[in-house]
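Remarks on the structure that follows.
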Amino acid sequence: MSEAATIDNELRLALVGNPNCGKTALFNQLTGGRQKVANYAGVTIERKEGFYTAPSGRSVRVLDLPGTYSLDAASPDEAITRDVCKGLHASEPLPDLIVCVADATNLRLHLRFALELRALGRPMVLALNMMDAAKRRGIRIDTQELERLLGFPVVETIAVRHGGSVDLVQRIDKLTLTVPEQAGAGGSLHAQVREMLSSAVTMPRLTAKIDDTLDRWLLHPIFGLFSLAVVMFLIFQAVFSWATPIMDLIDVGTTALGNWVGNVLPAGLLNSLVVDGIIAGLGGVIIFLPQILMLFLFILILEESGYLPRAAFLLDRMMLSAGLTGRSFIPLLSSFACAIPGIMAARSIQDSRDRLNTILVAPLMTCSARLPVYTLLIAAFIPRSKVAGIFNLQGIVLFALYIAGIVSALAVAYVIKRMRKDTTEHALMMELPAYRLPHPRDVLIGLYERGMIFLRRVGGIIFTMTVVLWFLSTFPGAPEGSSEPAINYSLAGTLGHWLSYIFAPIGFNWQISIALVPGMAAREVVVSSLATVYALSGNEDSLGAIVASQWSLATALSLLAWFVFAPQCISTLAIIKRETNSWRYVWITLGYLFGLAYLASLLTYQISKALGA
Amino acid sequence: MRLSELAAKVPSIVREVESLGDNDVIARRLRDLGFVAGEPLVIVASAPMGGDPLLVQIGFTRFALRRSEAARVRVEHIDV
């Protein structure tokens, strides 16, 4: 492979380093926007590659390998780094040059890994990153001495400052690729590092004073949990107060566009396909973007600043008892807004078993799309009375629905833990990195990536399914002179009528059963579908009055219970497919959630009927 | 004494990391992270619920270790 690289004169370099060494920031600085993000074949580990042109005009291909502490891989992503560095990877050629990135403030840990890489006998360079932070803390590093001791080039970089990697680019450009001599070999790697540090590095303090102070407060048993609650509260406020208006705007926009196109095109099938299928489908995809981007803005800031692992530290014990990990907390919390960013945020969980468990239970968190259904039914069936003089009964029911979601998520996670054959101990062993001010460029690139993943990989599935559901709800059309709403005669209608036999024991009439079919697209669609089935032609305000007069309380409660569990959201299923790279987990999720939904509704309906509701 | 039994803020040094079983990935990783004989460490904090996990400062780095992980590390006090 190296011959091929010499022929076209392209240099292939791989960025390798410990987690938290600022590797991704350096990658962003080297390559700018010229990046390609994909997955390694067969696994859900991100493969990030970028390009830049060296001063000599030579093109350089940069591979950002997953961060690891050691070549003794403990997880699939670490195994990729090991295999690529050793030239064992099936699809990735051996890089011409290894650029080992080390945090200058954390050399004792990071130099050990550099020595482990050196032993591979490949051309390499050490990028001594975060030199700005090191200087601020009074850390002095004799780069030339370090270079002599290591036996390969050492270049200082500041990945978060403009021009902070110029030296590295120039040095690499002039480099003749040679294998480093194993200078100073002898003793364990740790012992060698200790020696190097004593002769080349002066550290005034072990960790930054500001970090010690921040940790004393932010990890404090009471104040730490309190500040975590405040951070989460602010994020939710922001998501709902900033993202919701934009989502409403998109909703209004697609409706207006649909109306306009609907008026321009002649009435008929094409009109319906464009308006109810394509425009509604695209709108259904784009409407998630504001929430996804808003949540990820905060998640990325928390991640870049170093707070995310602190939150995981505070909550690990609680999450562990349910078979999850502290790192599951943020993804699950995000799922209260929407399960899609929540499931995507599970990428920050390195351990694949913990990550999968988190993804499987995330749809149980009460997302905002359930609210239209909840509010419709609560307003129609639950009296506005006060409980104990101060609490609103409607509010209590809504709160109970949220709690039901959380409790069942923890219970399901616990059951999964019990059912697993793999009972080995999965480690936390999590580094709490130094606090950092997030760099806007890195946050923006991260946001762009998340947005594109959603639009490209998930948008297609959602769009296709929406059009399929349109097809089901439209064909065959109503016969001439029929009085019932057209959907009754369609495939969805037929399906709904069959389903009503299955749903009879849980108290759903045929109208609900039909509405649930197009409601697979998204939960809130059930509300408009019910309006269609009851032939209200878009007048949803009176829907509450109709269901209040036609349904029993037991049916309403049963439908509420249904929506705590039912995976009535194609987007969630699509993102699970994308993030687990497997249809198997989509079917598992679909199966267990519908199973729980049916069971919960059955119990709710039969018990409330027995009680006379 | 085990790291999991060590009180907070007591400066100590690592004596060794014990493996549980033949292929203890966690023990190997602990050694890679710098838990090797002679290395000074101190517990700087513990989590709110049941004091688990622990926050351990070793070298220039802070690691959150669950007590079950910390139990693999044998430590002894040092006089300062």
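Following the order of the structure tokens, first chain is A, next is B, and so on, with residues numbered from 1 inside each chain and ligands from 1 in the order they appear.
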
Problem - All strand (DSSP E or B) positions in stretch 128-350 of chain A, as an MDAnalysis selection string - result: chainID A and resid 128:129 140:141 154:156 201:202

Can you check which parts of chain B lie within 12 Å of chain A? Per residue, the shortest pair of atoms and distance in Å to one decimal, counting only C-alpha atoms, sorted by chain and number, as CSV.
```
residue,atom,partner,partner_atom,distance
B:Leu20,CA,A:Glu425,CA,10.7
B:Gly21,CA,A:Thr424,CA,11.4
B:Asn23,CA,A:Thr424,CA,11.3
B:Asp24,CA,A:Glu425,CA,9.7
B:Val25,CA,A:Ala74,CA,6.7
B:Ile26,CA,A:Ala427,CA,6.6
B:Ala27,CA,A:Ala427,CA,10.1
B:Arg28,CA,A:Asp72,CA,8.3
B:Arg29,CA,A:Ser70,CA,7.7
B:Leu30,CA,A:Met429,CA,8.0
B:Arg31,CA,A:His190,CA,9.3
B:Asp32,CA,A:Ser70,CA,6.6
B:Leu33,CA,A:Leu109,CA,6.5
B:Gly34,CA,A:Leu109,CA,6.8
B:Phe35,CA,A:His190,CA,9.5
B:Val36,CA,A:His190,CA,7.8
B:Ala37,CA,A:His190,CA,9.8
B:Gly38,CA,A:Ala191,CA,10.1
B:Glu39,CA,A:His190,CA,9.6
B:Pro40,CA,A:Leu206,CA,11.2
B:Leu41,CA,A:Leu206,CA,10.9
B:Val42,CA,A:Leu206,CA,11.6
B:Val44,CA,A:Arg216,CA,8.7
B:Ala45,CA,A:Leu219,CA,7.4
B:Ser46,CA,A:Leu219,CA,8.0
B:Ala47,CA,A:Leu314,CA,5.3
B:Pro48,CA,A:Pro221,CA,4.3
B:Met49,CA,A:Arg317,CA,6.3
B:Gly50,CA,A:Arg317,CA,7.7
B:Gly51,CA,A:Arg317,CA,8.6
B:Asp52,CA,A:Arg317,CA,6.1
B:Pro53,CA,A:Phe313,CA,6.8
B:Leu54,CA,A:Phe313,CA,8.5
B:Leu55,CA,A:Phe313,CA,8.4
B:Val56,CA,A:Glu431,CA,9.4
B:Gln57,CA,A:Leu206,CA,8.8
B:Ile58,CA,A:Leu206,CA,8.8
B:Gly59,CA,A:Arg108,CA,6.5
B:Phe60,CA,A:Leu206,CA,4.8
B:Thr61,CA,A:Asn106,CA,6.7
B:Arg62,CA,A:Leu432,CA,5.5
B:Phe63,CA,A:Glu431,CA,4.3
B:Ala64,CA,A:Met430,CA,5.0
B:Leu65,CA,A:Met429,CA,4.9
B:Arg66,CA,A:Leu428,CA,6.4
B:Arg67,CA,A:Leu428,CA,10.0
B:Ser68,CA,A:Glu425,CA,8.9
B:Glu69,CA,A:Ala427,CA,7.3
B:Ala70,CA,A:Met429,CA,9.2
```

Only N, CA and C atoms, please: the residues just picked out, written as a compact mmCIF listing (two decimals), in the first residue's frame.
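Now in again13.txt:
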```
# COMPACT_ATOMS: atom_id res chain seq x y z
N LEU B 20 -8.47 -10.57 38.49
CA LEU B 20 -9.49 -11.54 38.86
C LEU B 20 -9.64 -12.48 37.67
N GLY B 21 -9.20 -13.69 37.82
CA GLY B 21 -9.27 -14.63 36.70
C GLY B 21 -8.09 -14.46 35.76
N ASN B 23 -8.11 -13.74 32.43
CA ASN B 23 -8.15 -12.72 31.38
C ASN B 23 -8.92 -11.51 31.90
N ASP B 24 -8.32 -10.80 32.84
CA ASP B 24 -9.00 -9.67 33.46
C ASP B 24 -8.66 -8.38 32.70
N VAL B 25 -9.55 -8.04 31.77
CA VAL B 25 -9.33 -6.84 30.94
C VAL B 25 -9.23 -5.60 31.82
N ILE B 26 -10.05 -5.54 32.87
CA ILE B 26 -10.08 -4.36 33.73
C ILE B 26 -8.74 -4.18 34.43
N ALA B 27 -8.16 -5.29 34.93
CA ALA B 27 -6.87 -5.18 35.61
C ALA B 27 -5.78 -4.73 34.63
N ARG B 28 -5.82 -5.29 33.43
CA ARG B 28 -4.81 -4.90 32.44
C ARG B 28 -4.93 -3.42 32.11
N ARG B 29 -6.19 -2.98 31.93
CA ARG B 29 -6.39 -1.58 31.59
C ARG B 29 -5.94 -0.66 32.73
N LEU B 30 -6.22 -1.08 33.98
CA LEU B 30 -5.78 -0.27 35.12
C LEU B 30 -4.26 -0.09 35.08
N ARG B 31 -3.54 -1.16 34.74
CA ARG B 31 -2.07 -1.05 34.68
C ARG B 31 -1.68 -0.09 33.56
N ASP B 32 -2.38 -0.18 32.42
CA ASP B 32 -2.07 0.74 31.32
C ASP B 32 -2.34 2.19 31.71
N LEU B 33 -3.36 2.38 32.55
CA LEU B 33 -3.71 3.75 32.94
C LEU B 33 -2.72 4.31 33.96
N GLY B 34 -1.80 3.50 34.43
CA GLY B 34 -0.77 4.01 35.33
C GLY B 34 -0.84 3.47 36.74
N PHE B 35 -1.73 2.51 36.99
CA PHE B 35 -1.78 1.89 38.31
C PHE B 35 -0.69 0.82 38.37
N VAL B 36 0.55 1.28 38.62
CA VAL B 36 1.69 0.38 38.67
C VAL B 36 2.44 0.63 39.97
N ALA B 37 3.21 -0.36 40.40
CA ALA B 37 3.87 -0.30 41.70
C ALA B 37 4.66 1.00 41.87
N GLY B 38 4.50 1.62 43.03
CA GLY B 38 5.28 2.80 43.35
C GLY B 38 4.61 4.10 42.95
N GLU B 39 3.51 4.04 42.22
CA GLU B 39 2.87 5.26 41.73
C GLU B 39 2.01 5.87 42.85
N PRO B 40 2.22 7.16 43.16
CA PRO B 40 1.39 7.79 44.19
C PRO B 40 -0.03 8.05 43.70
N LEU B 41 -0.98 7.92 44.60
CA LEU B 41 -2.37 8.24 44.24
C LEU B 41 -3.10 8.73 45.47
N VAL B 42 -4.27 9.36 45.24
CA VAL B 42 -5.10 9.81 46.34
C VAL B 42 -6.55 9.82 45.86
N VAL B 44 -9.81 11.71 45.66
CA VAL B 44 -10.16 13.11 45.84
C VAL B 44 -11.65 13.31 46.09
N ALA B 45 -12.48 12.40 45.67
CA ALA B 45 -13.92 12.56 45.89
C ALA B 45 -14.60 11.21 45.73
N SER B 46 -15.84 11.14 46.21
CA SER B 46 -16.64 9.96 45.91
C SER B 46 -18.05 10.43 45.58
N ALA B 47 -18.76 9.61 44.81
CA ALA B 47 -20.07 10.01 44.28
C ALA B 47 -21.11 10.06 45.40
N PRO B 48 -22.21 10.80 45.17
CA PRO B 48 -23.20 11.03 46.22
C PRO B 48 -23.85 9.76 46.76
N MET B 49 -24.18 8.80 45.86
CA MET B 49 -24.96 7.67 46.33
C MET B 49 -24.04 6.52 46.73
N GLY B 50 -23.91 6.29 48.02
CA GLY B 50 -23.12 5.17 48.52
C GLY B 50 -21.63 5.32 48.30
N GLY B 51 -21.18 6.52 47.96
CA GLY B 51 -19.75 6.74 47.78
C GLY B 51 -19.15 5.91 46.66
N ASP B 52 -19.93 5.62 45.65
CA ASP B 52 -19.48 4.80 44.53
C ASP B 52 -19.97 5.45 43.26
N PRO B 53 -19.16 5.70 42.26
CA PRO B 53 -17.73 5.43 42.15
C PRO B 53 -16.84 6.40 42.94
N LEU B 54 -15.54 6.07 42.94
CA LEU B 54 -14.54 6.92 43.57
C LEU B 54 -13.83 7.73 42.50
N LEU B 55 -13.36 8.92 42.90
CA LEU B 55 -12.55 9.70 41.97
C LEU B 55 -11.10 9.64 42.45
N VAL B 56 -10.25 9.04 41.65
CA VAL B 56 -8.88 8.78 42.05
C VAL B 56 -7.93 9.63 41.22
N GLN B 57 -7.06 10.34 41.92
CA GLN B 57 -6.04 11.11 41.23
C GLN B 57 -4.77 10.28 41.19
N ILE B 58 -4.29 10.00 39.97
CA ILE B 58 -3.02 9.28 39.83
C ILE B 58 -2.24 9.96 38.73
N GLY B 59 -0.98 10.29 39.00
CA GLY B 59 -0.22 11.07 38.03
C GLY B 59 -0.89 12.41 37.82
N PHE B 60 -1.08 12.80 36.56
CA PHE B 60 -1.73 14.08 36.27
C PHE B 60 -3.20 13.88 35.90
N THR B 61 -3.73 12.70 36.19
CA THR B 61 -5.05 12.35 35.67
C THR B 61 -6.00 11.95 36.79
N ARG B 62 -7.30 12.21 36.56
CA ARG B 62 -8.32 11.78 37.51
C ARG B 62 -9.20 10.74 36.85
N PHE B 63 -9.35 9.62 37.52
CA PHE B 63 -10.20 8.55 37.00
C PHE B 63 -11.34 8.26 37.96
N ALA B 64 -12.52 8.06 37.38
CA ALA B 64 -13.65 7.56 38.16
C ALA B 64 -13.60 6.04 38.11
N LEU B 65 -13.47 5.42 39.26
CA LEU B 65 -13.43 3.96 39.34
C LEU B 65 -14.57 3.48 40.22
N ARG B 66 -15.30 2.48 39.76
CA ARG B 66 -16.28 1.85 40.63
C ARG B 66 -15.51 1.10 41.72
N ARG B 67 -16.17 0.91 42.87
CA ARG B 67 -15.47 0.25 43.98
C ARG B 67 -14.99 -1.15 43.59
N SER B 68 -15.78 -1.83 42.74
CA SER B 68 -15.37 -3.18 42.33
C SER B 68 -14.09 -3.12 41.51
N GLU B 69 -13.91 -2.03 40.76
CA GLU B 69 -12.68 -1.86 39.99
C GLU B 69 -11.52 -1.49 40.91
N ALA B 70 -11.81 -0.57 41.85
CA ALA B 70 -10.78 -0.12 42.77
C ALA B 70 -10.29 -1.24 43.68
```

Handout entry: Shell around A:Phe288 at 10 Å using only C-alpha atoms, local window under 3 positions removed, as a ChimeraX atom specification
Key = /A:243,247,250,283-285,291-293,338,340-341,451,454-455,571

Problem - Backbone DSSP call of alpha helix (DSSP H) for stretch 129-202 of chain A, listed as a PyMOL selection string - result: chain A and resi 131-136+143-150+166-174+189-200

What would the file look like if the residues just selected were written as a PDB file, in the first residue's frame with C-alpha atoms?
```pdb
ATOM      1  CA  MET A 131       0.495  23.804  24.674  1.00  0.00           C
ATOM      2  CA  ASP A 132      -1.533  26.927  25.550  1.00  0.00           C
ATOM      3  CA  ALA A 133      -3.040  25.238  28.612  1.00  0.00           C
ATOM      4  CA  ALA A 134       0.371  23.841  29.552  1.00  0.00           C
ATOM      5  CA  LYS A 135       1.977  27.314  29.413  1.00  0.00           C
ATOM      6  CA  ARG A 136      -0.838  28.852  31.450  1.00  0.00           C
ATOM      7  CA  THR A 143      10.731  19.692  23.366  1.00  0.00           C
ATOM      8  CA  GLN A 144      14.188  19.039  21.918  1.00  0.00           C
ATOM      9  CA  GLU A 145      15.181  16.895  24.853  1.00  0.00           C
ATOM     10  CA  LEU A 146      11.905  15.007  24.609  1.00  0.00           C
ATOM     11  CA  GLU A 147      12.483  14.479  20.894  1.00  0.00           C
ATOM     12  CA  ARG A 148      15.958  13.114  21.600  1.00  0.00           C
ATOM     13  CA  LEU A 149      14.631  10.747  24.276  1.00  0.00           C
ATOM     14  CA  LEU A 150      11.726   9.525  22.148  1.00  0.00           C
ATOM     15  CA  VAL A 166       1.126  25.217  11.137  1.00  0.00           C
ATOM     16  CA  ASP A 167       4.363  23.865  12.627  1.00  0.00           C
ATOM     17  CA  LEU A 168       3.023  20.339  12.513  1.00  0.00           C
ATOM     18  CA  VAL A 169       1.962  20.646   8.869  1.00  0.00           C
ATOM     19  CA  GLN A 170       5.374  22.024   7.855  1.00  0.00           C
ATOM     20  CA  ARG A 171       7.323  19.471   9.823  1.00  0.00           C
ATOM     21  CA  ILE A 172       5.323  16.596   8.312  1.00  0.00           C
ATOM     22  CA  ASP A 173       5.782  18.082   4.839  1.00  0.00           C
ATOM     23  CA  LYS A 174       9.589  18.033   5.119  1.00  0.00           C
ATOM     24  CA  LEU A 189       6.980   1.749  29.636  1.00  0.00           C
ATOM     25  CA  HIS A 190       5.859   3.475  32.821  1.00  0.00           C
ATOM     26  CA  ALA A 191       9.424   3.554  34.128  1.00  0.00           C
ATOM     27  CA  GLN A 192      10.669   5.002  30.836  1.00  0.00           C
ATOM     28  CA  VAL A 193       7.999   7.693  30.949  1.00  0.00           C
ATOM     29  CA  ARG A 194       8.950   8.567  34.513  1.00  0.00           C
ATOM     30  CA  GLU A 195      12.568   9.011  33.395  1.00  0.00           C
ATOM     31  CA  MET A 196      11.613  11.157  30.405  1.00  0.00           C
ATOM     32  CA  LEU A 197       9.396  13.372  32.529  1.00  0.00           C
ATOM     33  CA  SER A 198      12.096  13.935  35.106  1.00  0.00           C
ATOM     34  CA  SER A 199      14.600  15.103  32.497  1.00  0.00           C
ATOM     35  CA  ALA A 200      12.364  17.010  30.051  1.00  0.00           C
TER      36      ALA A 200
END
```

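Note that atom CA of A:Leu300 and atom CA of A:Val443 are 6.0 Å apart.
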
Exercise for the section: Report the distance between atom CA of A:Val564 and atom CA of A:Asp276 in Å, rounded to one decimal place. Expected result: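 So the two atoms, atom CA of A:Val564 and atom CA of A:Asp276, lie 27.2 Å apart.
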